[in-house]
$ cat final27.cif   # mmCIF, C-alpha atoms
data_run
loop_
_atom_site.label_atom_id
_atom_site.label_comp_id
_atom_site.auth_asym_id
_atom_site.auth_seq_id
_atom_site.Cartn_x
_atom_site.Cartn_y
_atom_site.Cartn_z
CA MET A 1145 10.77 -47.75 -27.23
CA ASN A 1146 11.66 -48.76 -30.74
CA GLY A 1147 11.80 -45.10 -31.65
CA SER A 1148 14.32 -44.24 -28.97
CA ALA A 1149 16.52 -47.21 -29.87
CA SER A 1150 16.65 -46.10 -33.47
CA ALA A 1151 17.29 -42.53 -32.33
CA LEU A 1152 20.27 -43.77 -30.31
CA LEU A 1153 21.54 -45.65 -33.32
CA THR A 1154 21.28 -42.51 -35.45
CA VAL A 1155 23.15 -40.50 -32.81
CA ALA A 1156 25.87 -43.15 -32.68
CA THR A 1157 26.21 -43.24 -36.46
CA VAL A 1158 26.27 -39.48 -36.93
CA PHE A 1159 28.97 -38.87 -34.33
CA ALA A 1160 31.09 -41.97 -34.91
CA SER A 1161 31.35 -41.06 -38.58
CA LEU A 1162 32.74 -37.64 -37.61
CA SER A 1163 35.28 -38.87 -35.05
CA LEU A 1164 38.16 -39.73 -37.34
CA VAL A 1165 37.73 -36.72 -39.62
CA SER A 1166 37.94 -34.21 -36.77
CA ILE A 1167 41.55 -33.30 -37.51
CA GLY A 1168 42.85 -30.06 -36.08
CA GLY A 1169 40.60 -29.97 -33.06
CA GLY A 1170 36.97 -30.71 -32.33
CA ASN A 1171 35.65 -27.51 -33.88
CA THR A 1172 36.53 -28.53 -37.43
CA VAL A 1173 33.49 -30.81 -37.55
CA LEU A 1174 31.15 -28.20 -36.09
CA PRO A 1175 29.57 -27.41 -39.48
CA GLU A 1176 28.94 -31.13 -40.01
CA ILE A 1177 27.32 -31.49 -36.59
CA HIS A 1178 25.17 -28.46 -37.39
CA ARG A 1179 24.04 -29.96 -40.68
CA ALA A 1180 23.19 -33.31 -39.09
CA ALA A 1181 21.38 -31.81 -36.09
CA VAL A 1182 19.47 -29.01 -37.84
CA GLN A 1183 18.93 -30.09 -41.45
CA ASN A 1184 19.24 -33.85 -41.82
CA GLU A 1185 17.81 -35.14 -38.54
CA GLN A 1186 15.96 -31.97 -37.46
CA TRP A 1187 16.73 -32.51 -33.80
CA MET A 1188 16.73 -28.74 -33.18
CA THR A 1189 16.47 -25.33 -34.80
CA SER A 1190 19.47 -23.35 -35.96
CA GLN A 1191 18.88 -20.85 -33.13
CA GLN A 1192 18.90 -23.66 -30.57
CA PHE A 1193 22.15 -24.91 -32.05
CA ALA A 1194 23.71 -21.46 -31.71
CA ASP A 1195 22.51 -21.30 -28.12
CA ILE A 1196 23.91 -24.66 -27.06
CA TYR A 1197 27.15 -23.73 -28.82
CA ALA A 1198 27.41 -20.67 -26.58
CA ILE A 1199 26.61 -22.82 -23.55
CA SER A 1200 29.25 -25.41 -24.40
CA GLU A 1201 31.84 -22.69 -25.04
CA ALA A 1202 31.14 -21.12 -21.66
CA ALA A 1203 31.15 -24.40 -19.77
CA PRO A 1204 34.50 -25.92 -18.79
CA GLY A 1205 36.00 -28.76 -20.78
CA PRO A 1206 36.81 -29.37 -24.46
CA SER A 1207 34.50 -27.47 -26.81
CA SER A 1208 33.61 -30.60 -28.78
CA MET A 1209 31.44 -31.56 -25.82
CA ILE A 1210 28.65 -29.79 -27.69
CA SER A 1211 28.08 -33.28 -29.13
CA SER A 1212 26.68 -34.42 -25.81
CA LEU A 1213 24.06 -31.66 -25.87
CA VAL A 1214 23.02 -32.57 -29.42
CA GLY A 1215 22.76 -36.20 -28.35
CA TYR A 1216 20.77 -35.13 -25.31
CA LYS A 1217 18.23 -33.25 -27.40
CA ALA A 1218 17.98 -36.17 -29.83
CA ALA A 1219 17.61 -39.05 -27.36
CA GLY A 1220 17.77 -37.85 -23.77
CA LEU A 1221 20.52 -38.75 -21.30
CA PRO A 1222 21.42 -42.03 -23.08
CA GLY A 1223 21.73 -40.00 -26.27
CA ALA A 1224 24.19 -37.64 -24.56
CA ILE A 1225 26.39 -40.54 -23.42
CA VAL A 1226 26.23 -42.30 -26.79
CA ALA A 1227 27.13 -39.07 -28.61
CA ILE A 1228 30.20 -38.35 -26.50
CA VAL A 1229 31.44 -41.95 -26.68
CA ALA A 1230 30.85 -42.06 -30.44
CA ILE A 1231 32.64 -38.79 -31.21
CA LEU A 1232 35.61 -39.46 -28.91
CA GLY A 1233 35.95 -43.25 -29.02
CA PRO A 1234 37.48 -43.93 -32.44
CA SER A 1235 39.89 -40.96 -32.37
CA SER A 1236 40.95 -41.73 -28.79
CA LEU A 1237 41.70 -45.33 -29.65
CA LEU A 1238 43.83 -44.21 -32.58
CA MET A 1239 45.69 -41.73 -30.39
CA TYR A 1240 46.30 -44.39 -27.76
CA VAL A 1241 47.80 -46.80 -30.30
CA ALA A 1242 49.98 -43.96 -31.63
CA CYS A 1243 51.23 -43.26 -28.10
CA LEU A 1244 52.13 -46.92 -27.57
CA THR A 1245 54.15 -46.89 -30.78
CA TRP A 1246 55.77 -43.63 -29.73
CA GLU A 1247 56.90 -45.12 -26.39
CA ARG A 1248 58.41 -48.14 -28.10
CA PHE A 1249 60.85 -45.98 -30.01
CA ARG A 1250 61.97 -44.03 -26.96
CA THR A 1251 65.68 -44.35 -27.79
CA ALA A 1252 65.44 -44.30 -31.58
CA LYS A 1253 67.46 -41.55 -33.22
CA TRP A 1254 64.56 -40.45 -35.39
CA ARG A 1255 62.45 -39.94 -32.31
CA ILE A 1256 65.12 -37.87 -30.59
CA ALA A 1257 65.45 -35.79 -33.75
CA PHE A 1258 61.67 -35.57 -34.03
CA GLU A 1259 61.27 -34.27 -30.47
CA LYS A 1260 64.09 -31.75 -30.82
CA GLY A 1261 63.05 -30.61 -34.26
CA LEU A 1262 59.31 -30.55 -33.73
CA ALA A 1263 59.53 -28.36 -30.62
CA PRO A 1264 60.45 -25.12 -32.45
CA VAL A 1265 57.98 -25.91 -35.26
CA SER A 1266 55.30 -26.42 -32.59
CA LEU A 1267 56.25 -23.14 -31.00
CA GLY A 1268 55.48 -21.33 -34.24
CA LEU A 1269 52.21 -23.22 -34.53
CA LEU A 1270 51.26 -22.16 -31.00
CA PHE A 1271 51.58 -18.54 -32.06
CA SER A 1272 49.41 -19.34 -35.07
CA SER A 1273 46.66 -20.81 -32.92
CA GLY A 1274 46.92 -17.81 -30.62
CA VAL A 1275 46.28 -15.53 -33.59
CA THR A 1276 43.41 -17.74 -34.76
CA VAL A 1277 41.77 -17.52 -31.36
CA VAL A 1278 42.19 -13.74 -31.35
CA ARG A 1279 40.67 -13.44 -34.82
CA SER A 1280 37.65 -15.54 -33.94
CA SER A 1281 36.93 -14.10 -30.51
CA ASP A 1282 37.83 -10.42 -30.70
CA HIS A 1283 35.42 -8.23 -32.65
CA THR A 1284 35.78 -4.88 -30.90
CA LEU A 1285 38.61 -2.57 -29.92
CA VAL A 1286 37.91 -3.20 -26.23
CA ALA A 1287 38.22 -6.94 -26.82
CA TYR A 1288 41.64 -6.46 -28.44
CA VAL A 1289 42.76 -4.31 -25.53
CA ILE A 1290 41.63 -6.99 -23.06
CA THR A 1291 43.53 -9.62 -25.03
CA VAL A 1292 46.76 -7.61 -25.01
CA VAL A 1293 46.46 -6.66 -21.34
CA ALA A 1294 45.71 -10.27 -20.38
CA MET A 1295 48.67 -11.49 -22.41
CA VAL A 1296 51.12 -9.04 -20.86
CA LEU A 1297 49.84 -9.74 -17.35
CA LEU A 1298 50.18 -13.50 -17.81
CA VAL A 1299 53.67 -13.31 -19.33
CA ARG A 1300 55.10 -10.68 -16.99
CA THR A 1301 53.40 -11.28 -13.65
CA LYS A 1302 52.39 -14.17 -11.43
CA VAL A 1303 48.74 -13.11 -11.37
CA SER A 1304 46.30 -16.03 -11.52
CA PRO A 1305 44.72 -16.50 -14.96
CA LEU A 1306 41.40 -17.10 -13.22
CA LEU A 1307 41.56 -13.59 -11.82
CA VAL A 1308 42.28 -12.18 -15.28
CA MET A 1309 39.38 -14.17 -16.77
CA ALA A 1310 37.03 -13.07 -14.00
CA GLY A 1311 37.97 -9.43 -14.52
CA ALA A 1312 37.44 -9.69 -18.25
CA GLY A 1313 34.16 -11.53 -17.70
CA ALA A 1314 32.99 -8.73 -15.42
CA LEU A 1315 33.79 -6.15 -18.11
CA GLY A 1316 31.80 -8.28 -20.54
CA ALA A 1317 28.84 -8.63 -18.18
CA LEU A 1318 28.75 -4.83 -17.85
CA GLY A 1319 28.30 -4.71 -21.61
CA LEU A 1320 31.64 -3.01 -22.22
CA VAL A 1321 33.03 -5.55 -24.68
CA GLY A 1322 30.11 -5.51 -27.10
CA MET B 665 75.00 -29.58 -26.95
CA SER B 666 72.71 -31.93 -28.79
CA GLU B 667 73.64 -34.69 -26.35
CA ARG B 668 72.84 -32.73 -23.23
CA ALA B 669 70.32 -34.75 -21.27
CA VAL B 670 68.21 -32.20 -19.52
CA ALA B 671 67.84 -33.29 -15.91
CA VAL B 672 65.44 -30.87 -14.33
CA ALA B 673 64.15 -31.15 -10.78
CA PRO B 674 63.22 -34.73 -9.81
CA ALA B 675 60.03 -35.78 -11.54
CA PRO B 676 57.27 -35.91 -8.93
CA GLU B 677 55.46 -39.20 -8.45
CA VAL B 678 52.53 -39.61 -10.85
CA THR B 679 49.56 -41.68 -9.67
CA LEU B 680 46.21 -42.56 -11.27
CA PRO B 681 44.19 -40.28 -8.95
CA GLY B 682 46.87 -37.64 -9.52
CA LEU B 683 46.35 -37.85 -13.29
CA ALA B 684 42.57 -37.64 -12.95
CA LEU B 685 42.78 -34.69 -10.57
CA CYS B 686 45.31 -32.90 -12.76
CA PHE B 687 43.07 -33.05 -15.82
CA LEU B 688 40.00 -32.21 -13.77
CA GLN B 689 41.85 -29.10 -12.63
CA ILE B 690 42.73 -28.26 -16.24
CA ALA B 691 39.14 -28.77 -17.37
CA LEU B 692 37.63 -26.68 -14.59
CA SER B 693 40.11 -23.86 -15.08
CA SER B 694 39.28 -23.51 -18.74
CA PHE B 695 36.04 -21.54 -18.72
CA GLY B 696 35.89 -19.77 -22.06
CA GLY B 697 38.67 -21.82 -23.66
CA GLY B 698 42.43 -21.81 -23.37
CA LEU B 699 42.88 -25.45 -22.43
CA SER B 700 46.32 -25.74 -23.99
CA ALA B 701 47.61 -22.80 -22.01
CA TRP B 702 46.21 -24.31 -18.84
CA THR B 703 47.80 -27.65 -19.63
CA GLN B 704 51.17 -25.94 -20.05
CA ARG B 705 50.71 -24.10 -16.81
CA ILE B 706 49.57 -27.07 -14.75
CA VAL B 707 51.44 -30.04 -16.28
CA VAL B 708 54.72 -28.25 -17.05
CA GLU B 709 55.07 -25.27 -14.74
CA ARG B 710 53.31 -26.45 -11.64
CA ARG B 711 53.63 -30.25 -11.57
CA ARG B 712 56.75 -30.52 -13.75
CA TRP B 713 55.56 -33.80 -15.26
CA LEU B 714 56.80 -32.77 -18.71
CA ASP B 715 59.49 -30.31 -19.76
CA ASN B 716 58.83 -27.63 -22.36
CA GLN B 717 60.18 -29.68 -25.24
CA GLN B 718 58.07 -32.72 -24.35
CA PHE B 719 55.05 -30.48 -23.98
CA LEU B 720 55.55 -28.90 -27.40
CA THR B 721 55.91 -32.32 -29.02
CA ALA B 722 52.82 -33.59 -27.23
CA VAL B 723 50.81 -30.56 -28.37
CA THR B 724 51.67 -31.09 -32.01
CA ILE B 725 51.11 -34.85 -31.97
CA SER B 726 47.76 -34.18 -30.32
CA ARG B 727 46.86 -31.71 -33.04
CA LEU B 728 47.96 -33.92 -35.92
CA PHE B 729 45.74 -36.81 -34.86
CA PRO B 730 41.96 -36.65 -35.20
CA GLY B 731 39.98 -35.80 -32.10
CA PRO B 732 39.91 -32.79 -29.78
CA ASN B 733 43.47 -31.67 -28.96
CA GLN B 734 42.88 -31.70 -25.26
CA VAL B 735 41.42 -35.18 -25.22
CA ASN B 736 44.43 -36.43 -27.20
CA MET B 737 46.76 -34.57 -24.84
CA ALA B 738 45.17 -36.30 -21.84
CA ILE B 739 45.65 -39.67 -23.54
CA PHE B 740 49.29 -38.80 -24.32
CA VAL B 741 50.13 -37.75 -20.77
CA GLY B 742 48.11 -40.53 -19.11
CA GLN B 743 49.60 -43.21 -21.34
CA HIS B 744 53.12 -41.85 -20.89
CA PHE B 745 53.03 -42.31 -17.13
CA LYS B 746 50.56 -45.14 -16.48
CA GLY B 747 49.64 -46.90 -19.73
CA LEU B 748 46.00 -47.64 -20.50
CA PRO B 749 44.73 -47.05 -16.93
CA GLY B 750 46.57 -43.74 -16.97
CA ALA B 751 44.97 -42.67 -20.24
CA LEU B 752 41.52 -43.61 -18.93
CA ALA B 753 42.09 -41.81 -15.62
CA ALA B 754 43.19 -38.65 -17.44
CA LEU B 755 40.16 -38.83 -19.76
CA LEU B 756 37.80 -39.35 -16.85
CA GLY B 757 39.30 -36.36 -15.07
CA LEU B 758 39.07 -34.19 -18.17
CA LEU B 759 35.53 -35.12 -19.17
CA GLY B 760 33.55 -36.34 -16.15
CA VAL B 761 32.70 -33.21 -14.21
CA PRO B 762 32.50 -30.92 -17.28
CA LEU B 763 30.02 -33.34 -18.85
CA ALA B 764 27.83 -33.25 -15.74
CA ILE B 765 27.95 -29.44 -15.69
CA LEU B 766 27.20 -29.17 -19.39
CA LEU B 767 24.26 -31.58 -19.25
CA THR B 768 22.80 -29.68 -16.33
CA LEU B 769 23.05 -26.43 -18.29
CA GLY B 770 21.62 -28.15 -21.38
CA TRP B 771 18.74 -29.59 -19.42
CA ALA B 772 17.95 -26.15 -18.00
CA TYR B 773 18.15 -24.60 -21.45
CA PHE B 774 15.85 -27.07 -23.18
CA HIS B 775 13.33 -26.92 -20.31
CA PHE B 776 13.21 -23.18 -19.75
CA HIS B 777 14.11 -22.05 -23.28
CA THR B 778 16.41 -19.27 -22.21
CA VAL B 779 20.11 -18.76 -22.43
CA PRO B 780 21.45 -17.60 -19.11
CA GLU B 781 23.05 -14.19 -19.59
CA LEU B 782 26.12 -15.85 -20.97
CA ARG B 783 26.97 -14.08 -24.16
CA ALA B 784 28.06 -10.72 -22.78
CA THR B 785 30.15 -12.23 -20.00
CA LEU B 786 31.58 -14.72 -22.42
CA SER B 787 32.73 -12.00 -24.82
CA GLY B 788 35.01 -10.66 -22.10
CA VAL B 789 36.23 -14.08 -21.01
CA VAL B 790 37.12 -15.26 -24.51
CA ALA B 791 39.10 -12.07 -25.11
CA ALA B 792 41.16 -12.83 -22.01
CA ALA B 793 41.45 -16.49 -23.03
CA ALA B 794 42.86 -15.33 -26.37
CA GLY B 795 45.48 -13.35 -24.45
CA MET B 796 46.29 -16.46 -22.46
CA ALA B 797 46.72 -18.49 -25.65
CA LEU B 798 49.21 -15.91 -26.93
CA SER B 799 51.04 -15.70 -23.61
CA MET B 800 51.95 -19.39 -23.85
CA GLY B 801 54.08 -18.83 -26.95
CA PHE B 802 55.92 -15.91 -25.36
CA LYS B 803 56.66 -17.96 -22.26
CA LEU B 804 58.09 -20.87 -24.23
CA ILE B 805 60.11 -18.81 -26.69
CA GLY B 806 62.61 -17.82 -23.96
CA GLY B 807 64.45 -21.14 -24.25
CA TYR B 808 65.02 -20.64 -27.96
CA LEU B 809 66.16 -17.03 -28.14
CA ARG B 810 69.80 -18.01 -28.62
CA GLN B 811 69.07 -20.64 -31.24
CA PRO B 812 68.67 -18.97 -34.65
CA ALA B 813 67.76 -22.25 -36.36
CA ALA B 814 64.95 -22.92 -33.88
CA LEU B 815 63.63 -19.38 -34.31
CA LEU B 816 63.72 -19.83 -38.06
CA PHE B 817 61.70 -23.06 -37.87
CA ALA B 818 59.21 -21.39 -35.52
CA ALA B 819 58.86 -18.38 -37.81
CA ALA B 820 58.44 -20.58 -40.88
CA ALA B 821 55.68 -22.60 -39.18
CA PHE B 822 53.90 -19.44 -38.04
CA ALA B 823 54.15 -17.84 -41.48
CA GLY B 824 52.99 -21.01 -43.22
CA VAL B 825 49.79 -21.24 -41.23
CA THR B 826 48.97 -17.64 -40.38
CA VAL B 827 50.41 -15.60 -43.26
CA PHE B 828 49.99 -18.03 -46.15
CA GLY B 829 46.96 -19.87 -44.79
CA LEU B 830 48.38 -23.36 -45.37
CA SER B 831 46.90 -26.31 -43.52
CA LEU B 832 48.59 -27.49 -40.35
CA PRO B 833 49.34 -31.05 -41.55
CA LEU B 834 50.95 -29.67 -44.72
CA VAL B 835 53.17 -27.26 -42.76
CA VAL B 836 54.27 -30.02 -40.39
CA LEU B 837 54.84 -32.43 -43.24
CA VAL B 838 57.25 -30.01 -44.91
CA LEU B 839 58.99 -28.54 -41.84
CA ALA B 840 59.29 -31.63 -39.62
CA PRO B 841 61.70 -33.54 -41.89
CA LEU B 842 63.87 -30.41 -42.32
CA ALA B 843 63.92 -29.81 -38.57
CA MET B 844 64.62 -33.48 -37.90
CA ALA B 845 67.58 -33.43 -40.27
CA TRP B 846 68.91 -30.33 -38.53
CA TYR B 847 68.55 -31.83 -35.04
CA TRP B 848 69.58 -35.40 -35.95
CA PRO B 849 71.78 -36.75 -33.10
CA ARG B 850 75.35 -36.75 -34.37
CA GLY B 851 78.32 -38.79 -33.22
CA ALA B 852 77.75 -41.17 -30.32
CA THR B 853 76.80 -44.69 -31.31
CA ARG B 854 75.53 -45.82 -34.66
CA PRO B 855 72.05 -47.23 -34.45
CA ALA B 856 72.30 -50.98 -33.90
CA GLU B 857 69.48 -51.63 -36.30
CA ARG B 858 67.40 -49.73 -38.75
CA VAL B 859 64.22 -48.59 -37.18
CA GLY B 860 61.28 -48.89 -39.53
CA ARG B 861 58.59 -46.29 -39.80
#
$ encode --input "final27.cif" --output "structure tokens"
Amino acid sequence: MNGSASALLTVATVFASLSLVSIGGGNTVLPEIHRAAVQNEQWMTSQQFADIYAISEAAPGPSSMISSLVGYKAAGLPGAIVAIVAILGPSSLLMYVACLTWERFRTAKWRIAFEKGLAPVSLGLLFSSGVTVVRSSDHTLVAYVITVVAMVLLVRTKVSPLLVMAGAGALGALGLVG
Amino acid sequence: MSERAVAVAPAPEVTLPGLALCFLQIALSSFGGGLSAWTQRIVVERRRWLDNQQFLTAVTISRLFPGPNQVNMAIFVGQHFKGLPGALAALLGLLGVPLAILLTLGWAYFHFHTVPELRATLSGVVAAAAGMALSMGFKLIGGYLRQPAALLFAAAAFAGVTVFGLSLPLVVLVLAPLAMAWYWPRGATRPAERVGR
């Protein structure tokens, strides 16, 4: 059992050390997780890593949950729990403290200015992330067409996004997206 | 107009189970990505817990801090309404069921050594999710169409990140003070004390 305890400790160390550097979303530390899991600790092959990445992208929830699958492969179910707590714990604590501070200055002028001023800046950044998502997920003409059609449908009509996703998924399953 | 307190429809009651269920709904809706867009749809449009401006601020604060944006967003919303229990309830809702699903899939994968026919289906879903991500911006821009300054700030942020490839923290660090100066509340009372930080 000594082996599994030390495996858990390694999982905890690897993911806790990545928590506070994962700025800009969970996927920024993906290369680091890959290096730890495939090269340094040799918990899995590169192909396995690519496969569990696809699985975690397809499954619901934040994409950084791939950590739990790496932890699972390294040390079973306890490893999965330790990995997710280690990668989310430190950053979540920091965010919580930031929120507390934020609430305390509810009526401060700088906060009012910050909320008013940051909103349009954020709007621009939302368009940027939209473009980033398009660049990383669309590799064929059909994919671009689906993106544009989905966008127009969601802006102009009341159609459920789930229906749009299901339709696009069906096109993909038929091998039309490539 | 800077003093106009926006009083939208009465804010619906927010409870701990309500927070957990809300983020569970967001998590389960987000097959193939697009969590931010789902958060906007569910938290702002459907439940009206936040208005558009609060949502935009929350998104950017969530992105500036380390950790997955959506996890930070859940903490922000949960904390805003119910403090620490609220943050924990939102996190539980966001992560609990997805974690169970993911571990089941992972277990199946490592035992049977096959990827379920995911990739092809996924390629279609992520294309639609990308469209959803873009649709969010177009929905929110409506409120700013008559504000040239706001459009300018939005365009500058977009260009900084997407055209010039600058990092997000850098863009915010430069634009936020400018935007704050522009939107600084004028008139009314002088601040009673200097607020540090």
$ resolve_selection --input "final27.cif" --expression "the PyMOL selection byres ((chain B and resi 761) around 9)" --output "list in words"
Pro1204 and Gly1205 of chain A; Leu688, Ala691, Leu692, Leu756, Gly757, Leu758, Leu759, Gly760, Pro762, Leu763, Ala764, Ile765 and Leu766 of chain B
$ residues_near_point --input "final27.cif" --point "(71.3, -32.2, -39.1)" --cutoff "12 Å" --atoms "all atoms listed in the file" --output "list in words"
Lys1253, Trp1254, Ile1256, Ala1257, Phe1258, Lys1260 and Gly1261 of chain A; Ser666, Ala813, Pro841, Leu842, Ala843, Met844, Ala845, Trp846, Tyr847, Trp848, Pro849, Arg850 and Gly851 of chain B
$ closest_residue --input "final27.cif" --among "B:Ala797, B:Ile690, B:Leu816, B:Val838" --to "chain A" --atoms "only C-alpha atoms"
B:Ala797
$ resolve_selection --input "final27.cif" --expression "the PyMOL selection byres ((chain A and resi 1294) around 12)" --output "number ranges by chain"
A: 1287-1293, 1295-1313; B: 788-800
$ resolve_selection --input "final27.cif" --expression "the PyMOL selection byres ((chain B and resi 736) around 10)" --output "PyMOL selection string"
(chain A and resi 1169+1232+1235-1240+1243) or (chain B and resi 722-723+725-735+737-742+751+755)
$ atom_distance --input "final27.cif" --atom1 "CA of Lys746 in chain B" --atom2 "CA of Leu804 in chain B"
26.6 Å
$ atom_distance --input "final27.cif" --atom1 "CA of Val1158 in chain A" --atom2 "CA of Gln1191 in chain A"
20.4 Å
$ atom_distance --input "final27.cif" --atom1 "CA of Ile1231 in chain A" --atom2 "CA of Gly770 in chain B"
18.2 Å
$ closest_residue --input "final27.cif" --among "B:Phe776, B:Gln717, B:Gly807, B:Pro676" --to "chain A" --atoms "only C-alpha atoms"
B:Gln717
$ residues_around --input "final27.cif" --residues "Leu1267 in chain A" --least-positions-apart "6" --cutoff "9 Å" --atoms "only C-alpha atoms" --output "ChimeraX atom specification"
/B:720,801,804-805,815,817-819,821-822
$ build_atoms --input "final27.cif" --residues "range 690-712 of chain B" --atoms "N, CA and C atoms" --output "PDB file, in the coordinates of the input"
ATOM      1  N   ILE B 690      42.593 -28.928 -14.949  1.00  0.00           N
ATOM      2  CA  ILE B 690      42.730 -28.260 -16.240  1.00  0.00           C
ATOM      3  C   ILE B 690      41.356 -27.946 -16.826  1.00  0.00           C
ATOM      4  N   ALA B 691      40.470 -28.948 -16.785  1.00  0.00           N
ATOM      5  CA  ALA B 691      39.140 -28.770 -17.370  1.00  0.00           C
ATOM      6  C   ALA B 691      38.367 -27.659 -16.666  1.00  0.00           C
ATOM      7  N   LEU B 692      38.416 -27.656 -15.338  1.00  0.00           N
ATOM      8  CA  LEU B 692      37.630 -26.680 -14.590  1.00  0.00           C
ATOM      9  C   LEU B 692      38.209 -25.276 -14.679  1.00  0.00           C
ATOM     10  N   SER B 693      39.495 -25.188 -14.973  1.00  0.00           N
ATOM     11  CA  SER B 693      40.110 -23.860 -15.080  1.00  0.00           C
ATOM     12  C   SER B 693      39.762 -23.195 -16.396  1.00  0.00           C
ATOM     13  N   SER B 694      39.297 -23.993 -17.361  1.00  0.00           N
ATOM     14  CA  SER B 694      39.280 -23.510 -18.740  1.00  0.00           C
ATOM     15  C   SER B 694      37.957 -22.939 -19.179  1.00  0.00           C
ATOM     16  N   PHE B 695      37.245 -22.246 -18.292  1.00  0.00           N
ATOM     17  CA  PHE B 695      36.040 -21.540 -18.720  1.00  0.00           C
ATOM     18  C   PHE B 695      36.404 -20.610 -19.879  1.00  0.00           C
ATOM     19  N   GLY B 696      35.641 -20.683 -20.950  1.00  0.00           N
ATOM     20  CA  GLY B 696      35.890 -19.770 -22.060  1.00  0.00           C
ATOM     21  C   GLY B 696      37.063 -20.170 -22.949  1.00  0.00           C
ATOM     22  N   GLY B 697      37.600 -21.364 -22.784  1.00  0.00           N
ATOM     23  CA  GLY B 697      38.670 -21.820 -23.660  1.00  0.00           C
ATOM     24  C   GLY B 697      40.044 -21.733 -23.033  1.00  0.00           C
ATOM     25  N   GLY B 698      41.053 -21.921 -23.862  1.00  0.00           N
ATOM     26  CA  GLY B 698      42.430 -21.810 -23.370  1.00  0.00           C
ATOM     27  C   GLY B 698      42.933 -23.062 -22.672  1.00  0.00           C
ATOM     28  N   LEU B 699      42.445 -24.224 -23.105  1.00  0.00           N
ATOM     29  CA  LEU B 699      42.880 -25.450 -22.430  1.00  0.00           C
ATOM     30  C   LEU B 699      44.362 -25.733 -22.599  1.00  0.00           C
ATOM     31  N   SER B 700      44.904 -25.460 -23.776  1.00  0.00           N
ATOM     32  CA  SER B 700      46.320 -25.740 -23.990  1.00  0.00           C
ATOM     33  C   SER B 700      47.179 -24.934 -23.025  1.00  0.00           C
ATOM     34  N   ALA B 701      46.830 -23.662 -22.895  1.00  0.00           N
ATOM     35  CA  ALA B 701      47.610 -22.800 -22.010  1.00  0.00           C
ATOM     36  C   ALA B 701      47.526 -23.303 -20.573  1.00  0.00           C
ATOM     37  N   TRP B 702      46.346 -23.767 -20.198  1.00  0.00           N
ATOM     38  CA  TRP B 702      46.210 -24.310 -18.840  1.00  0.00           C
ATOM     39  C   TRP B 702      47.000 -25.595 -18.678  1.00  0.00           C
ATOM     40  N   THR B 703      47.022 -26.422 -19.721  1.00  0.00           N
ATOM     41  CA  THR B 703      47.800 -27.650 -19.630  1.00  0.00           C
ATOM     42  C   THR B 703      49.273 -27.330 -19.431  1.00  0.00           C
ATOM     43  N   GLN B 704      49.770 -26.335 -20.196  1.00  0.00           N
ATOM     44  CA  GLN B 704      51.170 -25.940 -20.050  1.00  0.00           C
ATOM     45  C   GLN B 704      51.434 -25.470 -18.630  1.00  0.00           C
ATOM     46  N   ARG B 705      50.531 -24.660 -18.138  1.00  0.00           N
ATOM     47  CA  ARG B 705      50.710 -24.100 -16.810  1.00  0.00           C
ATOM     48  C   ARG B 705      50.706 -25.173 -15.732  1.00  0.00           C
ATOM     49  N   ILE B 706      49.751 -26.092 -15.828  1.00  0.00           N
ATOM     50  CA  ILE B 706      49.570 -27.070 -14.750  1.00  0.00           C
ATOM     51  C   ILE B 706      50.514 -28.274 -14.904  1.00  0.00           C
ATOM     52  N   VAL B 707      50.611 -28.831 -16.104  1.00  0.00           N
ATOM     53  CA  VAL B 707      51.440 -30.040 -16.280  1.00  0.00           C
ATOM     54  C   VAL B 707      52.923 -29.705 -16.290  1.00  0.00           C
ATOM     55  N   VAL B 708      53.291 -28.584 -16.924  1.00  0.00           N
ATOM     56  CA  VAL B 708      54.720 -28.250 -17.050  1.00  0.00           C
ATOM     57  C   VAL B 708      55.199 -27.366 -15.910  1.00  0.00           C
ATOM     58  N   GLU B 709      54.544 -26.225 -15.714  1.00  0.00           N
ATOM     59  CA  GLU B 709      55.070 -25.270 -14.740  1.00  0.00           C
ATOM     60  C   GLU B 709      54.837 -25.710 -13.309  1.00  0.00           C
ATOM     61  N   ARG B 710      53.618 -26.169 -13.037  1.00  0.00           N
ATOM     62  CA  ARG B 710      53.310 -26.450 -11.640  1.00  0.00           C
ATOM     63  C   ARG B 710      53.739 -27.850 -11.221  1.00  0.00           C
ATOM     64  N   ARG B 711      53.335 -28.876 -12.014  1.00  0.00           N
ATOM     65  CA  ARG B 711      53.630 -30.250 -11.570  1.00  0.00           C
ATOM     66  C   ARG B 711      54.954 -30.764 -12.108  1.00  0.00           C
ATOM     67  N   ARG B 712      55.486 -30.106 -13.142  1.00  0.00           N
ATOM     68  CA  ARG B 712      56.750 -30.520 -13.750  1.00  0.00           C
ATOM     69  C   ARG B 712      56.755 -31.976 -14.191  1.00  0.00           C
TER      70      ARG B 712
END
